Amino acid sequence: MTTVAEPQNAASIGPSDRLIKLLPGIGLCLVVTGMAYALEAGERAMAGKAWLEALVLAILIGTAIRSLWIPDDTWHDGIAFSAKYLLEVAVVLLGASVSAATILAAGVPLLVGIAGVVGSAILLSFGIGRLLRLPTRMALLVACGNSICGNSAIAAVAPVIDADSDDVAASIAFTAVLGVIVVLGLPLLGIALGMNGIAFGALAGLTVYAVPQVIAAASPLGAAAVQMGTLVKLVRVLMLGPVCLVLSLIAPRLAPQEVPAGDVVAGTARAKTFDLAHLIPWFIIGFLVMVACRSMGLMPTAAIAPISRVATLLTVVSMAALGLGVDVRTVAKAGGRVTAAVILSLLGLGAISLTLLALLHIV
């Protein structure tokens with residue numbers, strides 16, 4: 001297995017010693033996170049909006065630091081903990097953003113259609129990735145990132161399929177850049193096609209990566225576009241749970257990868273066994289429990305926004321950790337093929353989405 005390894009010798013030290021070992025790496029990740037948020041704030045102050053969000057900036061800053069300085073053993077455990085466990089907690093907290101009422105409001109035909117779009121787009125994107133000779137796991141990361149919710153989907157799928165940290169970083173970096181281009185270009189397509197607000201909002205929700213990006217892309221076509229786009233996007237995000245569950249069934253059959261020498265995050269490869277923990281990863285169960293609690297009214301309304309903010313913060317911290325474990329030479333080597341796979345996959349997703357809207361007579 002080539003994902004983030006558990007801190008070494010965890011069983012031989014007490015809780016306080018373990019915490020002490022984690023603090024330097026976690027502290028470094030928090031520093032990178034602070035820098036990312038500061039740069040995002042600077043973008044908003046200068047340009048009125050953040051072209052690159054903190055999540056993307058964190059991984060870029062972390063990668064830049066790793067390119068100039070290779071952390072020694074003092075930092076390893078904290079970086080590994082941040083990249084794996086904090087990320088899994090963030091996925092659980094994402095469930096608070098989705099409720100059954102929100103899902104049902106979209107209507108059964110559209111709900112079924114969204115599931116069909118996500119499934120079809122994943123298969124198409126994965127096929128494109130493999131044709132371009134991307135490694136299996138990277139092809140899956142790109143497919144899920146394009147088809148569900150960009151960076152968040154990549155981050156959530158990575159531990160399920162034991163993806164290498166370099167593959168995660170490369171996938172996030174390229175989908176993030178393309179995501180910005182989509183936000184800017186999609187309104188032009190909607191206007192050119194003469195789409196109304198409802199139709200364009202649905203298209204934005206089906207194709208744009210993150211919820212904030214959906215809002216930004218849909219805004220030029222009015223409030224109706226924003227509302228429809230947000231609703232469709234939230235339903236699309238919900239597909240992350242079932243997709244991760246299916247991938248957890250497939251993961252044991254994936255060929256093992258070699259761990260790059262010197263990877264401070266990946267650690268030692270371990271054999272993957274088909275047990276309950278891999279059948280249904282704990283954080284996917286947690287995600288579904290959060291959705292159920294939100295749907296049954298067991299979660300205070302006032303807690304939803306703070307939980308969402310904590311989930312975002314933890315995700316940014318974990319992305320900083322992933323950046324600190326990235327060998328930039330590996331990312332650069334995969335650049336051309338990953339970029340082509342992402343672009344072609346996104347075009348395929350757009351075509352599938354427009355077909356669905358035409359079949360539902362929304363266009």
# chains A, B, ... in the order shown; residues from 1 in each chain; ligands from 1
>>> select_by_dssp(residues="region 145-270 of chain A", states="alpha helix (DSSP H)", output="VMD selection string")
chain A and resid 151 to 161 165 to 192 197 to 207 211 to 218 223 to 238 240 to 250
>>> residues_around(residues="Ile114 (chain A)", least_positions_apart="3", cutoff="9 Å", atoms="only C-alpha atoms", output="PyMOL selection string")
chain A and resi 109-111+117-119+206+232+235-236+239+353+356
>>> write_last_selection(atoms="N, CA, C and O atoms", output="JSON list (two decimals), in the first residue's frame")
[["chain", "number", "residue", "atom", "x", "y", "z"],
["A", 109, "PRO", "N", -36.51, 11.94, -11.20],
["A", 109, "PRO", "CA", -35.81, 11.79, -12.49],
["A", 109, "PRO", "C", -34.42, 12.44, -12.49],
["A", 109, "PRO", "O", -33.46, 11.86, -13.00],
["A", 110, "LEU", "N", -34.34, 13.66, -11.91],
["A", 110, "LEU", "CA", -33.05, 14.33, -11.89],
["A", 110, "LEU", "C", -32.08, 13.60, -10.97],
["A", 110, "LEU", "O", -30.89, 13.49, -11.28],
["A", 111, "LEU", "N", -32.57, 13.10, -9.83],
["A", 111, "LEU", "CA", -31.71, 12.36, -8.91],
["A", 111, "LEU", "C", -31.11, 11.13, -9.58],
["A", 111, "LEU", "O", -29.92, 10.86, -9.49],
["A", 117, "VAL", "N", -25.13, 10.15, -14.51],
["A", 117, "VAL", "CA", -24.05, 11.00, -15.03],
["A", 117, "VAL", "C", -22.75, 10.69, -14.31],
["A", 117, "VAL", "O", -21.69, 10.53, -14.94],
["A", 118, "VAL", "N", -22.81, 10.62, -12.98],
["A", 118, "VAL", "CA", -21.59, 10.35, -12.20],
["A", 118, "VAL", "C", -21.00, 8.99, -12.56],
["A", 118, "VAL", "O", -19.80, 8.86, -12.83],
["A", 119, "GLY", "N", -21.85, 7.96, -12.60],
["A", 119, "GLY", "CA", -21.36, 6.63, -12.94],
["A", 119, "GLY", "C", -20.77, 6.56, -14.34],
["A", 119, "GLY", "O", -19.68, 6.00, -14.55],
["A", 206, "LEU", "N", -23.64, 19.92, -12.40],
["A", 206, "LEU", "CA", -23.20, 18.62, -12.91],
["A", 206, "LEU", "C", -21.74, 18.60, -13.33],
["A", 206, "LEU", "O", -21.13, 17.52, -13.42],
["A", 232, "VAL", "N", -28.11, 20.67, -7.25],
["A", 232, "VAL", "CA", -27.58, 19.56, -8.05],
["A", 232, "VAL", "C", -26.19, 19.16, -7.57],
["A", 232, "VAL", "O", -25.86, 17.97, -7.47],
["A", 235, "VAL", "N", -26.31, 17.04, -4.39],
["A", 235, "VAL", "CA", -26.70, 15.66, -4.71],
["A", 235, "VAL", "C", -25.52, 14.91, -5.32],
["A", 235, "VAL", "O", -25.26, 13.74, -5.00],
["A", 236, "ARG", "N", -24.80, 15.59, -6.18],
["A", 236, "ARG", "CA", -23.63, 14.98, -6.81],
["A", 236, "ARG", "C", -22.58, 14.63, -5.77],
["A", 236, "ARG", "O", -21.95, 13.56, -5.83],
["A", 239, "MET", "N", -22.93, 11.35, -3.97],
["A", 239, "MET", "CA", -22.49, 10.15, -4.67],
["A", 239, "MET", "C", -21.11, 9.69, -4.21],
["A", 239, "MET", "O", -20.69, 8.56, -4.49],
["A", 353, "SER", "N", -23.64, 15.45, -19.42],
["A", 353, "SER", "CA", -24.54, 16.31, -18.65],
["A", 353, "SER", "C", -25.56, 17.00, -19.57],
["A", 353, "SER", "O", -26.76, 17.07, -19.24],
["A", 356, "LEU", "N", -28.23, 14.54, -20.56],
["A", 356, "LEU", "CA", -29.22, 14.34, -19.50],
["A", 356, "LEU", "C", -30.22, 15.49, -19.46],
["A", 356, "LEU", "O", -31.45, 15.26, -19.38]]
>>> residues_around(residues="Ala50 (chain A)", least_positions_apart="2", cutoff="12 Å", atoms="only C-alpha atoms", output="PyMOL selection string")
chain A and resi 36-48+52-57+180+183+212-213+216
>>> atom_distance(atom1="CA of Ala199 (chain A)", atom2="CA of Ala217 (chain A)")
13.0 Å
>>> residues_around(residues="region 185-189 of chain A", least_positions_apart="6", cutoff="9 Å", atoms="only C-alpha atoms", output="VMD selection string")
chain A and resid 195 200 203 to 204 208 217 to 221
>>> write_last_selection(atoms="N, CA and C atoms", output="PDB file, in the first residue's frame")
ATOM      1  N   MET A 195     -29.164  29.227 -22.699  1.00  0.00           N
ATOM      2  CA  MET A 195     -29.757  28.481 -21.587  1.00  0.00           C
ATOM      3  C   MET A 195     -30.385  29.437 -20.573  1.00  0.00           C
ATOM      4  N   PHE A 200     -28.969  26.270 -16.846  1.00  0.00           N
ATOM      5  CA  PHE A 200     -27.534  26.502 -16.666  1.00  0.00           C
ATOM      6  C   PHE A 200     -27.087  26.123 -15.268  1.00  0.00           C
ATOM      7  N   LEU A 203     -26.521  22.501 -15.260  1.00  0.00           N
ATOM      8  CA  LEU A 203     -25.284  22.174 -15.961  1.00  0.00           C
ATOM      9  C   LEU A 203     -24.068  22.478 -15.084  1.00  0.00           C
ATOM     10  N   ALA A 204     -24.093  23.623 -14.427  1.00  0.00           N
ATOM     11  CA  ALA A 204     -22.979  23.985 -13.545  1.00  0.00           C
ATOM     12  C   ALA A 204     -22.851  22.980 -12.402  1.00  0.00           C
ATOM     13  N   VAL A 208     -19.131  21.492 -12.622  1.00  0.00           N
ATOM     14  CA  VAL A 208     -18.132  22.249 -11.868  1.00  0.00           C
ATOM     15  C   VAL A 208     -17.741  21.464 -10.622  1.00  0.00           C
ATOM     16  N   ALA A 217     -19.698  30.148 -10.820  1.00  0.00           N
ATOM     17  CA  ALA A 217     -19.985  29.932 -12.237  1.00  0.00           C
ATOM     18  C   ALA A 217     -21.432  30.259 -12.575  1.00  0.00           C
ATOM     19  N   ALA A 218     -22.367  29.958 -11.651  1.00  0.00           N
ATOM     20  CA  ALA A 218     -23.787  30.142 -11.930  1.00  0.00           C
ATOM     21  C   ALA A 218     -24.251  31.589 -11.742  1.00  0.00           C
ATOM     22  N   SER A 219     -23.536  32.355 -10.948  1.00  0.00           N
ATOM     23  CA  SER A 219     -23.962  33.722 -10.612  1.00  0.00           C
ATOM     24  C   SER A 219     -24.269  34.604 -11.814  1.00  0.00           C
ATOM     25  N   PRO A 220     -23.482  34.559 -12.892  1.00  0.00           N
ATOM     26  CA  PRO A 220     -23.778  35.448 -14.026  1.00  0.00           C
ATOM     27  C   PRO A 220     -25.158  35.226 -14.641  1.00  0.00           C
ATOM     28  N   LEU A 221     -25.778  34.057 -14.416  1.00  0.00           N
ATOM     29  CA  LEU A 221     -27.098  33.791 -14.988  1.00  0.00           C
ATOM     30  C   LEU A 221     -28.217  33.896 -13.958  1.00  0.00           C
TER      31      LEU A 221
END
>>> residues_around(residues="region 91-96 of chain A", least_positions_apart="6", cutoff="8 Å", atoms="only C-alpha atoms", output="ChimeraX atom specification")
/A:156,283-291,293-294,304,307-308,310-311
>>> write_last_selection(atoms="N, CA and C atoms", output="PDB file, in the first residue's frame")
ATOM      1  N   ALA A 156     -10.927  12.122  -0.770  1.00  0.00           N
ATOM      2  CA  ALA A 156     -11.705  11.066  -0.107  1.00  0.00           C
ATOM      3  C   ALA A 156     -11.410   9.690  -0.693  1.00  0.00           C
ATOM      4  N   PHE A 283     -14.515   6.081   7.716  1.00  0.00           N
ATOM      5  CA  PHE A 283     -14.918   7.460   7.454  1.00  0.00           C
ATOM      6  C   PHE A 283     -16.106   7.537   6.497  1.00  0.00           C
ATOM      7  N   ILE A 284     -16.312   6.501   5.684  1.00  0.00           N
ATOM      8  CA  ILE A 284     -17.499   6.465   4.836  1.00  0.00           C
ATOM      9  C   ILE A 284     -18.738   6.188   5.694  1.00  0.00           C
ATOM     10  N   ILE A 285     -18.588   5.271   6.664  1.00  0.00           N
ATOM     11  CA  ILE A 285     -19.684   5.033   7.601  1.00  0.00           C
ATOM     12  C   ILE A 285     -20.010   6.323   8.350  1.00  0.00           C
ATOM     13  N   GLY A 286     -18.961   7.016   8.785  1.00  0.00           N
ATOM     14  CA  GLY A 286     -19.155   8.273   9.486  1.00  0.00           C
ATOM     15  C   GLY A 286     -19.849   9.313   8.631  1.00  0.00           C
ATOM     16  N   PHE A 287     -19.471   9.368   7.362  1.00  0.00           N
ATOM     17  CA  PHE A 287     -20.105  10.303   6.421  1.00  0.00           C
ATOM     18  C   PHE A 287     -21.600  10.026   6.324  1.00  0.00           C
ATOM     19  N   LEU A 288     -21.964   8.756   6.152  1.00  0.00           N
ATOM     20  CA  LEU A 288     -23.374   8.381   6.026  1.00  0.00           C
ATOM     21  C   LEU A 288     -24.147   8.623   7.320  1.00  0.00           C
ATOM     22  N   VAL A 289     -23.491   8.417   8.453  1.00  0.00           N
ATOM     23  CA  VAL A 289     -24.137   8.694   9.744  1.00  0.00           C
ATOM     24  C   VAL A 289     -24.424  10.188   9.873  1.00  0.00           C
ATOM     25  N   MET A 290     -23.494  11.020   9.451  1.00  0.00           N
ATOM     26  CA  MET A 290     -23.704  12.472   9.513  1.00  0.00           C
ATOM     27  C   MET A 290     -24.864  12.886   8.617  1.00  0.00           C
ATOM     28  N   VAL A 291     -24.949  12.281   7.423  1.00  0.00           N
ATOM     29  CA  VAL A 291     -26.073  12.577   6.528  1.00  0.00           C
ATOM     30  C   VAL A 291     -27.388  12.181   7.200  1.00  0.00           C
ATOM     31  N   CYS A 293     -28.024  11.883  10.436  1.00  0.00           N
ATOM     32  CA  CYS A 293     -28.306  12.794  11.554  1.00  0.00           C
ATOM     33  C   CYS A 293     -28.861  14.123  11.056  1.00  0.00           C
ATOM     34  N   ARG A 294     -28.277  14.623   9.984  1.00  0.00           N
ATOM     35  CA  ARG A 294     -28.782  15.886   9.407  1.00  0.00           C
ATOM     36  C   ARG A 294     -30.217  15.697   8.903  1.00  0.00           C
ATOM     37  N   ILE A 304     -24.284  23.337  11.704  1.00  0.00           N
ATOM     38  CA  ILE A 304     -23.936  22.898  10.352  1.00  0.00           C
ATOM     39  C   ILE A 304     -22.822  23.747   9.741  1.00  0.00           C
ATOM     40  N   ILE A 307     -19.420  23.153  11.446  1.00  0.00           N
ATOM     41  CA  ILE A 307     -18.894  21.837  11.071  1.00  0.00           C
ATOM     42  C   ILE A 307     -18.308  21.881   9.670  1.00  0.00           C
ATOM     43  N   SER A 308     -18.992  22.559   8.763  1.00  0.00           N
ATOM     44  CA  SER A 308     -18.498  22.688   7.389  1.00  0.00           C
ATOM     45  C   SER A 308     -17.168  23.423   7.351  1.00  0.00           C
ATOM     46  N   VAL A 310     -14.948  23.568   9.799  1.00  0.00           N
ATOM     47  CA  VAL A 310     -13.925  22.685  10.358  1.00  0.00           C
ATOM     48  C   VAL A 310     -13.498  21.647   9.321  1.00  0.00           C
ATOM     49  N   ALA A 311     -14.466  21.101   8.580  1.00  0.00           N
ATOM     50  CA  ALA A 311     -14.143  20.125   7.536  1.00  0.00           C
ATOM     51  C   ALA A 311     -13.221  20.742   6.491  1.00  0.00           C
TER      52      ALA A 311
END
>>> closest_atom_pairs(of="region 135-231 of chain A", to="region 316-328 of chain A", cutoff="7 Å", atoms="only C-alpha atoms", output="tab-separated table")
residue	atom	partner	partner_atom	distance
A:Ser165	CA	A:Leu322	CA	6.1
A:Asp166	CA	A:Val326	CA	5.2
A:Ala169	CA	A:Gly323	CA	6.6
>>> write_last_selection(atoms="N, CA and C atoms", output="tab-separated table (two decimals), in the first residue's frame")
chain	number	residue	atom	x	y	z
A	165	SER	N	0.86	9.40	-2.64
A	165	SER	CA	0.71	10.83	-2.37
A	165	SER	C	1.08	11.68	-3.58
A	166	ASP	N	2.03	11.23	-4.38
A	166	ASP	CA	2.38	11.97	-5.59
A	166	ASP	C	1.21	11.98	-6.57
A	169	ALA	N	-1.44	14.41	-5.27
A	169	ALA	CA	-1.04	15.80	-5.48
A	169	ALA	C	-1.15	16.21	-6.94
>>> residues_around(residues="Ile352 (chain A)", least_positions_apart="5", cutoff="12 Å", atoms="only C-alpha atoms", output="ChimeraX atom specification")
/A:113-125,147,203,206-207,345-347,357-359
>>> closest_residue(among="A:Met296, A:Val246, A:Ala101, A:Val112", to="Leu360 (chain A)", atoms="only C-alpha atoms")
A:Val112
>>> decode(residues="region 134-146 of chain A", atoms="all heavy atoms", output="JSON list (two decimals), in the first residue's frame")
[["chain", "number", "residue", "atom", "x", "y", "z"],
["A", 134, "LEU", "N", -2.13, 6.25, -17.85],
["A", 134, "LEU", "CA", -1.99, 6.65, -16.46],
["A", 134, "LEU", "C", -2.03, 5.40, -15.58],
["A", 134, "LEU", "O", -2.72, 4.43, -15.91],
["A", 134, "LEU", "CB", -3.14, 7.58, -16.05],
["A", 134, "LEU", "CG", -3.19, 8.97, -16.68],
["A", 134, "LEU", "CD1", -4.32, 9.78, -16.05],
["A", 134, "LEU", "CD2", -1.87, 9.70, -16.52],
["A", 135, "PRO", "N", -1.33, 5.40, -14.46],
["A", 135, "PRO", "CA", -1.45, 4.28, -13.52],
["A", 135, "PRO", "C", -2.90, 4.11, -13.09],
["A", 135, "PRO", "O", -3.67, 5.08, -13.06],
["A", 135, "PRO", "CB", -0.56, 4.71, -12.34],
["A", 135, "PRO", "CG", 0.40, 5.69, -12.93],
["A", 135, "PRO", "CD", -0.35, 6.40, -14.01],
["A", 136, "THR", "N", -3.28, 2.90, -12.75],
["A", 136, "THR", "CA", -4.68, 2.61, -12.41],
["A", 136, "THR", "C", -5.23, 3.54, -11.34],
["A", 136, "THR", "O", -6.32, 4.09, -11.46],
["A", 136, "THR", "CB", -4.83, 1.15, -11.96],
["A", 136, "THR", "OG1", -4.40, 0.29, -13.01],
["A", 136, "THR", "CG2", -6.28, 0.84, -11.60],
["A", 137, "ARG", "N", -4.47, 3.72, -10.27],
["A", 137, "ARG", "CA", -4.96, 4.53, -9.17],
["A", 137, "ARG", "C", -5.07, 6.00, -9.54],
["A", 137, "ARG", "O", -6.01, 6.69, -9.15],
["A", 137, "ARG", "CB", -4.07, 4.35, -7.94],
["A", 137, "ARG", "CG", -4.26, 2.98, -7.27],
["A", 137, "ARG", "CD", -3.23, 2.75, -6.18],
["A", 137, "ARG", "NE", -3.48, 1.49, -5.47],
["A", 137, "ARG", "CZ", -3.12, 0.30, -5.91],
["A", 137, "ARG", "NH1", -2.50, 0.19, -7.08],
["A", 137, "ARG", "NH2", -3.39, -0.79, -5.21],
["A", 138, "MET", "N", -4.12, 6.51, -10.29],
["A", 138, "MET", "CA", -4.22, 7.90, -10.71],
["A", 138, "MET", "C", -5.40, 8.09, -11.65],
["A", 138, "MET", "O", -6.12, 9.10, -11.59],
["A", 138, "MET", "CB", -2.93, 8.37, -11.39],
["A", 138, "MET", "CG", -3.01, 9.82, -11.87],
["A", 138, "MET", "SD", -1.48, 10.46, -12.56],
["A", 138, "MET", "CE", -0.62, 10.92, -11.06],
["A", 139, "ALA", "N", -5.64, 7.12, -12.54],
["A", 139, "ALA", "CA", -6.79, 7.20, -13.44],
["A", 139, "ALA", "C", -8.09, 7.24, -12.64],
["A", 139, "ALA", "O", -9.02, 7.97, -12.97],
["A", 139, "ALA", "CB", -6.79, 6.02, -14.41],
["A", 140, "LEU", "N", -8.15, 6.46, -11.56],
["A", 140, "LEU", "CA", -9.33, 6.47, -10.70],
["A", 140, "LEU", "C", -9.48, 7.81, -9.98],
["A", 140, "LEU", "O", -10.59, 8.33, -9.83],
["A", 140, "LEU", "CB", -9.26, 5.35, -9.67],
["A", 140, "LEU", "CG", -9.57, 3.94, -10.17],
["A", 140, "LEU", "CD1", -9.26, 2.90, -9.10],
["A", 140, "LEU", "CD2", -11.03, 3.83, -10.61],
["A", 141, "LEU", "N", -8.36, 8.38, -9.53],
["A", 141, "LEU", "CA", -8.41, 9.68, -8.86],
["A", 141, "LEU", "C", -8.94, 10.76, -9.79],
["A", 141, "LEU", "O", -9.80, 11.57, -9.43],
["A", 141, "LEU", "CB", -7.02, 10.06, -8.33],
["A", 141, "LEU", "CG", -6.45, 9.23, -7.18],
["A", 141, "LEU", "CD1", -5.03, 9.69, -6.87],
["A", 141, "LEU", "CD2", -7.33, 9.34, -5.95],
["A", 142, "VAL", "N", -8.39, 10.80, -11.00],
["A", 142, "VAL", "CA", -8.84, 11.79, -11.98],
["A", 142, "VAL", "C", -10.31, 11.59, -12.32],
["A", 142, "VAL", "O", -11.09, 12.54, -12.41],
["A", 142, "VAL", "CB", -7.97, 11.71, -13.26],
["A", 142, "VAL", "CG1", -8.56, 12.57, -14.37],
["A", 142, "VAL", "CG2", -6.53, 12.15, -12.95],
["A", 143, "ALA", "N", -10.71, 10.32, -12.49],
["A", 143, "ALA", "CA", -12.10, 10.02, -12.84],
["A", 143, "ALA", "C", -13.05, 10.49, -11.75],
["A", 143, "ALA", "O", -14.07, 11.13, -12.02],
["A", 143, "ALA", "CB", -12.25, 8.52, -13.08],
["A", 144, "CYS", "N", -12.73, 10.18, -10.51],
["A", 144, "CYS", "CA", -13.62, 10.57, -9.40],
["A", 144, "CYS", "C", -13.59, 12.07, -9.17],
["A", 144, "CYS", "O", -14.61, 12.68, -8.85],
["A", 144, "CYS", "CB", -13.22, 9.83, -8.13],
["A", 144, "CYS", "SG", -13.52, 8.05, -8.23],
["A", 145, "GLY", "N", -12.41, 12.68, -9.32],
["A", 145, "GLY", "CA", -12.32, 14.12, -9.15],
["A", 145, "GLY", "C", -13.17, 14.86, -10.17],
["A", 145, "GLY", "O", -13.93, 15.78, -9.83],
["A", 146, "ASN", "N", -13.07, 14.46, -11.42],
["A", 146, "ASN", "CA", -13.86, 15.10, -12.48],
["A", 146, "ASN", "C", -15.35, 14.82, -12.32],
["A", 146, "ASN", "O", -16.18, 15.70, -12.55],
["A", 146, "ASN", "CB", -13.41, 14.58, -13.86],
["A", 146, "ASN", "CG", -12.30, 15.42, -14.45],
["A", 146, "ASN", "OD1", -12.30, 16.64, -14.33],
["A", 146, "ASN", "ND2", -11.35, 14.76, -15.08]]
